[in-house]
Amino acid sequence: MVQSLNYSVPAFDNKQQYTIIEAEVSAAVLEVLASGRYIGGPLVAGFEQQFAAYIGVTECVACNSGTDALFLALRALNIGAGDEVITTPFTFIATAEVISAVGAKPVFVDIDETTFNLDVNQVAAAITRHTKAVIPVHLFGQPVDMAALMNVAKAHNLVVIEDCAQSTGANWAGQKVGSIGHIGCFSFYPTKNLGACGDGGAITTNDPEIAARLRFLK
């Protein structure tokens, strides 16, 4: 007779890593509380500068989630009704959700069977006169072939918005994701590569005009 066991496996557990850096985290939290600046402020500005330097870009705009990072990126690029955005069907719903949220149409290109990432070889065939952008998703820390994708984007005058929600710190040809396309979007949800105590996000770019629009929209 097989005995049933009622074990519960949590979706994620950050307690172990927290115990390693508990003193640093506690000090940082108390610093925020003492500052009275719970949204934005100099501590967030400092993080933006450090994160931009880490990714290898000139601009970083912090926001409240990875979903909003993608949404704000599309808004900053004036992508909306009548436009098409190519992306992958194998991702969290936010990637396609934000395209619909701005009134544009998500166009799905199948994935590569070995990497599960967007199959760059199929992107060109999906481009129409309405296509304005491509959102590749660097899945499980494994980057999309950005050299090939940027060549396609340049040939068709498309903007590339990198979804880096699951790939903070990943590199393609010696360059960190989030610094290769026109915009990089990051999530700091607790389950991500770089998790926060709650939700959080960031947008990276080397274009100061895009960064200014992002800050205005935020």
# chains A, B, ... in the order shown; residues from 1 in each chain; ligands from 1
$ closest_atom_pairs --of "range 21-121 of chain A" --to "range 163-185 of chain A" --cutoff "6 Å" --atoms "only C-alpha atoms" --output "JSON lines"
{"residue": "A:Ile55", "atom": "CA", "partner": "A:Lys176", "partner_atom": "CA", "distance": 5.7}
{"residue": "A:Val57", "atom": "CA", "partner": "A:Ser179", "partner_atom": "CA", "distance": 5.9}
{"residue": "A:Ala69", "atom": "CA", "partner": "A:Cys185", "partner_atom": "CA", "distance": 5.4}
{"residue": "A:Leu70", "atom": "CA", "partner": "A:Cys185", "partner_atom": "CA", "distance": 5.9}
$ write_last_selection --atoms "N, CA and C atoms" --output "short mmCIF file (atom, residue, chain, number, x, y, z; two decimals), in the first residue's frame"
data_model
loop_
_atom_site.label_atom_id
_atom_site.label_comp_id
_atom_site.auth_asym_id
_atom_site.auth_seq_id
_atom_site.Cartn_x
_atom_site.Cartn_y
_atom_site.Cartn_z
N ILE A 55 24.37 47.61 -16.92
CA ILE A 55 23.88 47.12 -18.21
C ILE A 55 24.74 47.63 -19.35
N VAL A 57 24.52 51.13 -20.49
CA VAL A 57 23.77 52.16 -21.21
C VAL A 57 23.91 53.49 -20.48
N ALA A 69 7.11 48.51 -17.62
CA ALA A 69 8.31 48.84 -18.39
C ALA A 69 8.03 48.65 -19.88
N LEU A 70 7.43 47.52 -20.23
CA LEU A 70 7.08 47.24 -21.62
C LEU A 70 6.02 48.21 -22.14
#
$ select_by_dssp --residues "range 43-111 of chain A" --states "strand (DSSP E)" --output "PyMOL selection string"
chain A and resi 59-63+84-87+105-108
$ write_last_selection --atoms "N, CA, C and O atoms" --output "PDB file, in the first residue's frame"
ATOM      1  N   GLU A  59      21.139  55.538 -19.934  1.00  0.00           N
ATOM      2  CA  GLU A  59      19.880  55.921 -19.297  1.00  0.00           C
ATOM      3  C   GLU A  59      19.178  54.714 -18.684  1.00  0.00           C
ATOM      4  O   GLU A  59      19.143  53.635 -19.276  1.00  0.00           O
ATOM      5  N   CYS A  60      18.620  54.928 -17.492  1.00  0.00           N
ATOM      6  CA  CYS A  60      17.772  53.923 -16.853  1.00  0.00           C
ATOM      7  C   CYS A  60      16.615  54.639 -16.180  1.00  0.00           C
ATOM      8  O   CYS A  60      16.823  55.630 -15.472  1.00  0.00           O
ATOM      9  N   VAL A  61      15.415  54.152 -16.413  1.00  0.00           N
ATOM     10  CA  VAL A  61      14.217  54.715 -15.789  1.00  0.00           C
ATOM     11  C   VAL A  61      13.547  53.612 -14.987  1.00  0.00           C
ATOM     12  O   VAL A  61      13.086  52.606 -15.550  1.00  0.00           O
ATOM     13  N   ALA A  62      13.509  53.770 -13.665  1.00  0.00           N
ATOM     14  CA  ALA A  62      12.868  52.774 -12.811  1.00  0.00           C
ATOM     15  C   ALA A  62      11.355  52.940 -12.882  1.00  0.00           C
ATOM     16  O   ALA A  62      10.847  54.046 -13.068  1.00  0.00           O
ATOM     17  N   CYS A  63      10.635  51.828 -12.731  1.00  0.00           N
ATOM     18  CA  CYS A  63       9.170  51.879 -12.716  1.00  0.00           C
ATOM     19  C   CYS A  63       8.648  50.784 -11.794  1.00  0.00           C
ATOM     20  O   CYS A  63       9.431  50.107 -11.138  1.00  0.00           O
ATOM     21  N   GLU A  84       1.611  47.042 -35.794  1.00  0.00           N
ATOM     22  CA  GLU A  84       1.865  45.636 -35.469  1.00  0.00           C
ATOM     23  C   GLU A  84       3.215  45.506 -34.785  1.00  0.00           C
ATOM     24  O   GLU A  84       4.169  46.212 -35.137  1.00  0.00           O
ATOM     25  N   VAL A  85       3.273  44.611 -33.803  1.00  0.00           N
ATOM     26  CA  VAL A  85       4.513  44.346 -33.078  1.00  0.00           C
ATOM     27  C   VAL A  85       4.757  42.839 -33.076  1.00  0.00           C
ATOM     28  O   VAL A  85       3.915  42.061 -32.617  1.00  0.00           O
ATOM     29  N   ILE A  86       5.892  42.446 -33.589  1.00  0.00           N
ATOM     30  CA  ILE A  86       6.246  41.023 -33.662  1.00  0.00           C
ATOM     31  C   ILE A  86       6.846  40.577 -32.329  1.00  0.00           C
ATOM     32  O   ILE A  86       7.696  41.262 -31.755  1.00  0.00           O
ATOM     33  N   THR A  87       6.398  39.425 -31.858  1.00  0.00           N
ATOM     34  CA  THR A  87       6.953  38.877 -30.616  1.00  0.00           C
ATOM     35  C   THR A  87       6.782  37.357 -30.595  1.00  0.00           C
ATOM     36  O   THR A  87       6.333  36.757 -31.572  1.00  0.00           O
ATOM     37  N   LYS A 105      -1.363  45.485 -32.526  1.00  0.00           N
ATOM     38  CA  LYS A 105      -1.667  44.065 -32.748  1.00  0.00           C
ATOM     39  C   LYS A 105      -0.411  43.227 -32.548  1.00  0.00           C
ATOM     40  O   LYS A 105       0.596  43.450 -33.217  1.00  0.00           O
ATOM     41  N   PRO A 106      -0.464  42.254 -31.631  1.00  0.00           N
ATOM     42  CA  PRO A 106       0.680  41.340 -31.493  1.00  0.00           C
ATOM     43  C   PRO A 106       0.710  40.342 -32.643  1.00  0.00           C
ATOM     44  O   PRO A 106      -0.324  39.750 -32.981  1.00  0.00           O
ATOM     45  N   VAL A 107       1.863  40.174 -33.247  1.00  0.00           N
ATOM     46  CA  VAL A 107       2.046  39.209 -34.332  1.00  0.00           C
ATOM     47  C   VAL A 107       3.049  38.177 -33.841  1.00  0.00           C
ATOM     48  O   VAL A 107       4.211  38.507 -33.562  1.00  0.00           O
ATOM     49  N   PHE A 108       2.613  36.931 -33.726  1.00  0.00           N
ATOM     50  CA  PHE A 108       3.461  35.897 -33.144  1.00  0.00           C
ATOM     51  C   PHE A 108       4.301  35.179 -34.200  1.00  0.00           C
ATOM     52  O   PHE A 108       3.797  34.778 -35.248  1.00  0.00           O
TER      53      PHE A 108
END
$ residues_around --residues "Thr131 in chain A" --least-positions-apart "3" --cutoff "12 Å" --atoms "only C-alpha atoms" --output "list in words"
Ile79, Gly80, Ala81, Gly82, Asp83, Glu84, Val85, Ile86, Thr87, Ala104, Lys105, Pro106, Val107, Phe108, Val123, Ala124, Ala125, Ala126, Ile127, Thr128, Val134, Ile135, Ala153, His156, Asn157, Leu158, Val159 and Val160 of chain A
$ select_by_dssp --residues "chain A" --states "alpha helix (DSSP H)" --output "short mmCIF file (atom, residue, chain, number, x, y, z; two decimals) with N, CA and C atoms, in the first residue's frame"
data_model
loop_
_atom_site.label_atom_id
_atom_site.label_comp_id
_atom_site.auth_asym_id
_atom_site.auth_seq_id
_atom_site.Cartn_x
_atom_site.Cartn_y
_atom_site.Cartn_z
N LYS A 15 13.79 33.09 1.33
CA LYS A 15 14.25 33.24 2.71
C LYS A 15 15.72 32.87 2.88
N GLN A 16 16.16 31.85 2.16
CA GLN A 16 17.55 31.40 2.32
C GLN A 16 18.54 32.48 1.88
N GLN A 17 18.29 33.08 0.71
CA GLN A 17 19.22 34.11 0.27
C GLN A 17 19.08 35.38 1.12
N TYR A 18 17.88 35.62 1.66
CA TYR A 18 17.69 36.78 2.52
C TYR A 18 18.56 36.68 3.77
N THR A 19 18.65 35.49 4.34
CA THR A 19 19.45 35.32 5.56
C THR A 19 20.92 35.65 5.31
N ILE A 20 21.38 35.48 4.08
CA ILE A 20 22.79 35.75 3.76
C ILE A 20 23.07 37.25 3.76
N GLU A 22 20.87 39.61 5.12
CA GLU A 22 19.85 40.22 5.99
C GLU A 22 20.27 41.58 6.54
N ALA A 23 21.51 41.69 7.02
CA ALA A 23 21.96 42.94 7.62
C ALA A 23 21.96 44.08 6.60
N GLU A 24 22.41 43.79 5.38
CA GLU A 24 22.45 44.82 4.33
C GLU A 24 21.04 45.25 3.93
N VAL A 25 20.14 44.27 3.80
CA VAL A 25 18.77 44.58 3.41
C VAL A 25 18.09 45.41 4.49
N SER A 26 18.25 45.00 5.74
CA SER A 26 17.61 45.71 6.84
C SER A 26 18.10 47.16 6.90
N ALA A 27 19.39 47.36 6.73
CA ALA A 27 19.95 48.72 6.75
C ALA A 27 19.39 49.56 5.61
N ALA A 28 19.26 48.95 4.43
CA ALA A 28 18.74 49.68 3.27
C ALA A 28 17.28 50.05 3.46
N VAL A 29 16.49 49.13 4.00
CA VAL A 29 15.08 49.40 4.25
C VAL A 29 14.91 50.51 5.27
N LEU A 30 15.68 50.47 6.34
CA LEU A 30 15.60 51.51 7.36
C LEU A 30 16.01 52.88 6.81
N GLU A 31 16.98 52.87 5.88
CA GLU A 31 17.40 54.12 5.25
C GLU A 31 16.26 54.73 4.44
N VAL A 32 15.53 53.87 3.73
CA VAL A 32 14.39 54.35 2.95
C VAL A 32 13.31 54.90 3.88
N LEU A 33 13.00 54.16 4.94
CA LEU A 33 11.97 54.61 5.87
C LEU A 33 12.35 55.94 6.52
N ALA A 34 13.59 56.08 6.88
CA ALA A 34 14.05 57.30 7.53
C ALA A 34 14.03 58.49 6.58
N SER A 35 14.21 58.21 5.26
CA SER A 35 14.25 59.30 4.29
C SER A 35 12.89 59.94 4.05
N PRO A 42 16.17 60.16 -4.08
CA PRO A 42 17.60 59.99 -4.38
C PRO A 42 18.07 58.54 -4.36
N LEU A 43 17.48 57.69 -3.53
CA LEU A 43 17.91 56.29 -3.49
C LEU A 43 17.54 55.56 -4.78
N VAL A 44 16.36 55.84 -5.31
CA VAL A 44 15.96 55.24 -6.59
C VAL A 44 16.81 55.81 -7.72
N ALA A 45 17.09 57.11 -7.67
CA ALA A 45 17.95 57.74 -8.68
C ALA A 45 19.34 57.10 -8.67
N GLY A 46 19.82 56.80 -7.47
CA GLY A 46 21.12 56.14 -7.35
C GLY A 46 21.10 54.75 -7.96
N PHE A 47 20.00 54.03 -7.72
CA PHE A 47 19.86 52.70 -8.33
C PHE A 47 19.85 52.80 -9.85
N GLU A 48 19.12 53.78 -10.39
CA GLU A 48 19.04 53.96 -11.85
C GLU A 48 20.43 54.16 -12.44
N GLN A 49 21.25 54.96 -11.77
CA GLN A 49 22.60 55.21 -12.27
C GLN A 49 23.46 53.95 -12.22
N GLN A 50 23.35 53.22 -11.11
CA GLN A 50 24.15 51.99 -10.97
C GLN A 50 23.70 50.92 -11.95
N PHE A 51 22.38 50.81 -12.14
CA PHE A 51 21.88 49.77 -13.05
C PHE A 51 22.23 50.11 -14.50
N ALA A 52 22.15 51.39 -14.86
CA ALA A 52 22.54 51.80 -16.22
C ALA A 52 24.00 51.45 -16.48
N ALA A 53 24.86 51.73 -15.50
CA ALA A 53 26.28 51.42 -15.64
C ALA A 53 26.51 49.91 -15.76
N TYR A 54 25.76 49.14 -14.98
CA TYR A 54 25.90 47.68 -15.02
C TYR A 54 25.48 47.11 -16.38
N ILE A 55 24.37 47.61 -16.92
CA ILE A 55 23.88 47.12 -18.21
C ILE A 55 24.74 47.63 -19.35
N GLY A 66 7.76 45.05 -14.46
CA GLY A 66 8.24 44.73 -15.80
C GLY A 66 7.16 44.94 -16.84
N THR A 67 5.90 44.72 -16.46
CA THR A 67 4.79 44.95 -17.38
C THR A 67 4.71 46.42 -17.75
N ASP A 68 4.79 47.29 -16.75
CA ASP A 68 4.76 48.73 -17.03
C ASP A 68 5.98 49.17 -17.82
N ALA A 69 7.11 48.51 -17.62
CA ALA A 69 8.31 48.84 -18.39
C ALA A 69 8.03 48.65 -19.88
N LEU A 70 7.43 47.52 -20.23
CA LEU A 70 7.08 47.24 -21.62
C LEU A 70 6.02 48.21 -22.14
N PHE A 71 5.01 48.47 -21.31
CA PHE A 71 3.92 49.38 -21.69
C PHE A 71 4.45 50.79 -21.95
N LEU A 72 5.29 51.29 -21.04
CA LEU A 72 5.85 52.62 -21.19
C LEU A 72 6.77 52.71 -22.40
N ALA A 73 7.50 51.63 -22.68
CA ALA A 73 8.38 51.61 -23.85
C ALA A 73 7.58 51.79 -25.14
N LEU A 74 6.48 51.06 -25.25
CA LEU A 74 5.63 51.18 -26.44
C LEU A 74 5.02 52.57 -26.54
N ARG A 75 4.58 53.11 -25.41
CA ARG A 75 4.00 54.46 -25.38
C ARG A 75 5.04 55.50 -25.80
N ALA A 76 6.26 55.36 -25.29
CA ALA A 76 7.31 56.32 -25.59
C ALA A 76 7.68 56.32 -27.07
N ALA A 94 2.32 39.18 -20.18
CA ALA A 94 2.56 40.63 -20.22
C ALA A 94 3.16 41.08 -21.55
N THR A 95 4.01 40.26 -22.15
CA THR A 95 4.67 40.66 -23.40
C THR A 95 3.65 40.99 -24.48
N ALA A 96 2.66 40.13 -24.64
CA ALA A 96 1.63 40.38 -25.65
C ALA A 96 0.55 41.32 -25.12
N GLU A 97 0.29 41.25 -23.83
CA GLU A 97 -0.75 42.07 -23.21
C GLU A 97 -0.52 43.55 -23.42
N VAL A 98 0.72 43.99 -23.26
CA VAL A 98 1.01 45.42 -23.38
C VAL A 98 0.84 45.91 -24.82
N ILE A 99 1.10 45.04 -25.78
CA ILE A 99 0.90 45.41 -27.19
C ILE A 99 -0.57 45.71 -27.44
N SER A 100 -1.42 44.83 -26.94
CA SER A 100 -2.86 45.05 -27.06
C SER A 100 -3.30 46.26 -26.25
N ALA A 101 -2.67 46.48 -25.10
CA ALA A 101 -3.07 47.57 -24.20
C ALA A 101 -2.88 48.95 -24.85
N VAL A 123 11.33 35.98 -38.61
CA VAL A 123 10.85 37.35 -38.37
C VAL A 123 10.55 38.10 -39.65
N ALA A 124 11.46 38.06 -40.61
CA ALA A 124 11.31 38.84 -41.84
C ALA A 124 10.01 38.51 -42.56
N ALA A 125 9.61 37.23 -42.55
CA ALA A 125 8.40 36.81 -43.25
C ALA A 125 7.14 37.36 -42.59
N ALA A 126 7.23 37.76 -41.32
CA ALA A 126 6.07 38.27 -40.59
C ALA A 126 5.92 39.79 -40.69
N MET A 146 20.81 38.35 -31.02
CA MET A 146 20.58 39.78 -31.23
C MET A 146 21.31 40.34 -32.44
N ALA A 147 22.42 39.75 -32.81
CA ALA A 147 23.13 40.22 -34.01
C ALA A 147 22.25 40.04 -35.23
N ALA A 148 21.67 38.86 -35.37
CA ALA A 148 20.80 38.58 -36.51
C ALA A 148 19.53 39.42 -36.46
N LEU A 149 18.94 39.56 -35.26
CA LEU A 149 17.69 40.30 -35.13
C LEU A 149 17.90 41.78 -35.44
N MET A 150 18.99 42.37 -34.96
CA MET A 150 19.25 43.78 -35.22
C MET A 150 19.48 44.03 -36.71
N ASN A 151 20.06 43.06 -37.41
CA ASN A 151 20.23 43.20 -38.86
C ASN A 151 18.88 43.25 -39.57
N VAL A 152 17.96 42.38 -39.14
CA VAL A 152 16.62 42.37 -39.72
C VAL A 152 15.90 43.68 -39.41
N ALA A 153 15.99 44.11 -38.16
CA ALA A 153 15.33 45.35 -37.74
C ALA A 153 15.85 46.55 -38.51
N LYS A 154 17.15 46.62 -38.68
CA LYS A 154 17.76 47.75 -39.41
C LYS A 154 17.31 47.76 -40.86
N ALA A 155 17.25 46.58 -41.47
CA ALA A 155 16.86 46.49 -42.88
C ALA A 155 15.43 46.93 -43.11
N PRO A 208 18.66 59.61 -25.05
CA PRO A 208 18.17 60.53 -24.02
C PRO A 208 16.77 61.06 -24.30
N GLU A 209 16.37 61.17 -25.57
CA GLU A 209 15.02 61.64 -25.90
C GLU A 209 13.97 60.62 -25.49
N ILE A 210 14.28 59.33 -25.74
CA ILE A 210 13.37 58.27 -25.31
C ILE A 210 13.28 58.26 -23.79
N ALA A 211 14.42 58.39 -23.11
CA ALA A 211 14.43 58.40 -21.64
C ALA A 211 13.60 59.56 -21.09
N ALA A 212 13.69 60.71 -21.74
CA ALA A 212 12.90 61.88 -21.28
C ALA A 212 11.41 61.62 -21.43
N ARG A 213 11.02 60.99 -22.54
CA ARG A 213 9.61 60.66 -22.75
C ARG A 213 9.14 59.62 -21.73
N LEU A 214 9.99 58.66 -21.44
CA LEU A 214 9.65 57.63 -20.46
C LEU A 214 9.41 58.26 -19.09
N ARG A 215 10.27 59.17 -18.70
CA ARG A 215 10.11 59.82 -17.38
C ARG A 215 8.84 60.67 -17.33
N PHE A 216 8.53 61.32 -18.44
CA PHE A 216 7.31 62.13 -18.50
C PHE A 216 6.08 61.23 -18.41
N LEU A 217 6.07 60.13 -19.16
CA LEU A 217 4.92 59.21 -19.15
C LEU A 217 4.77 58.53 -17.79
#
$ closest_residue --among "A:Asn6, A:Gln142, A:Ser65, A:Asn14" --to "Asn117 in chain A" --atoms "only C-alpha atoms"
A:Gln142
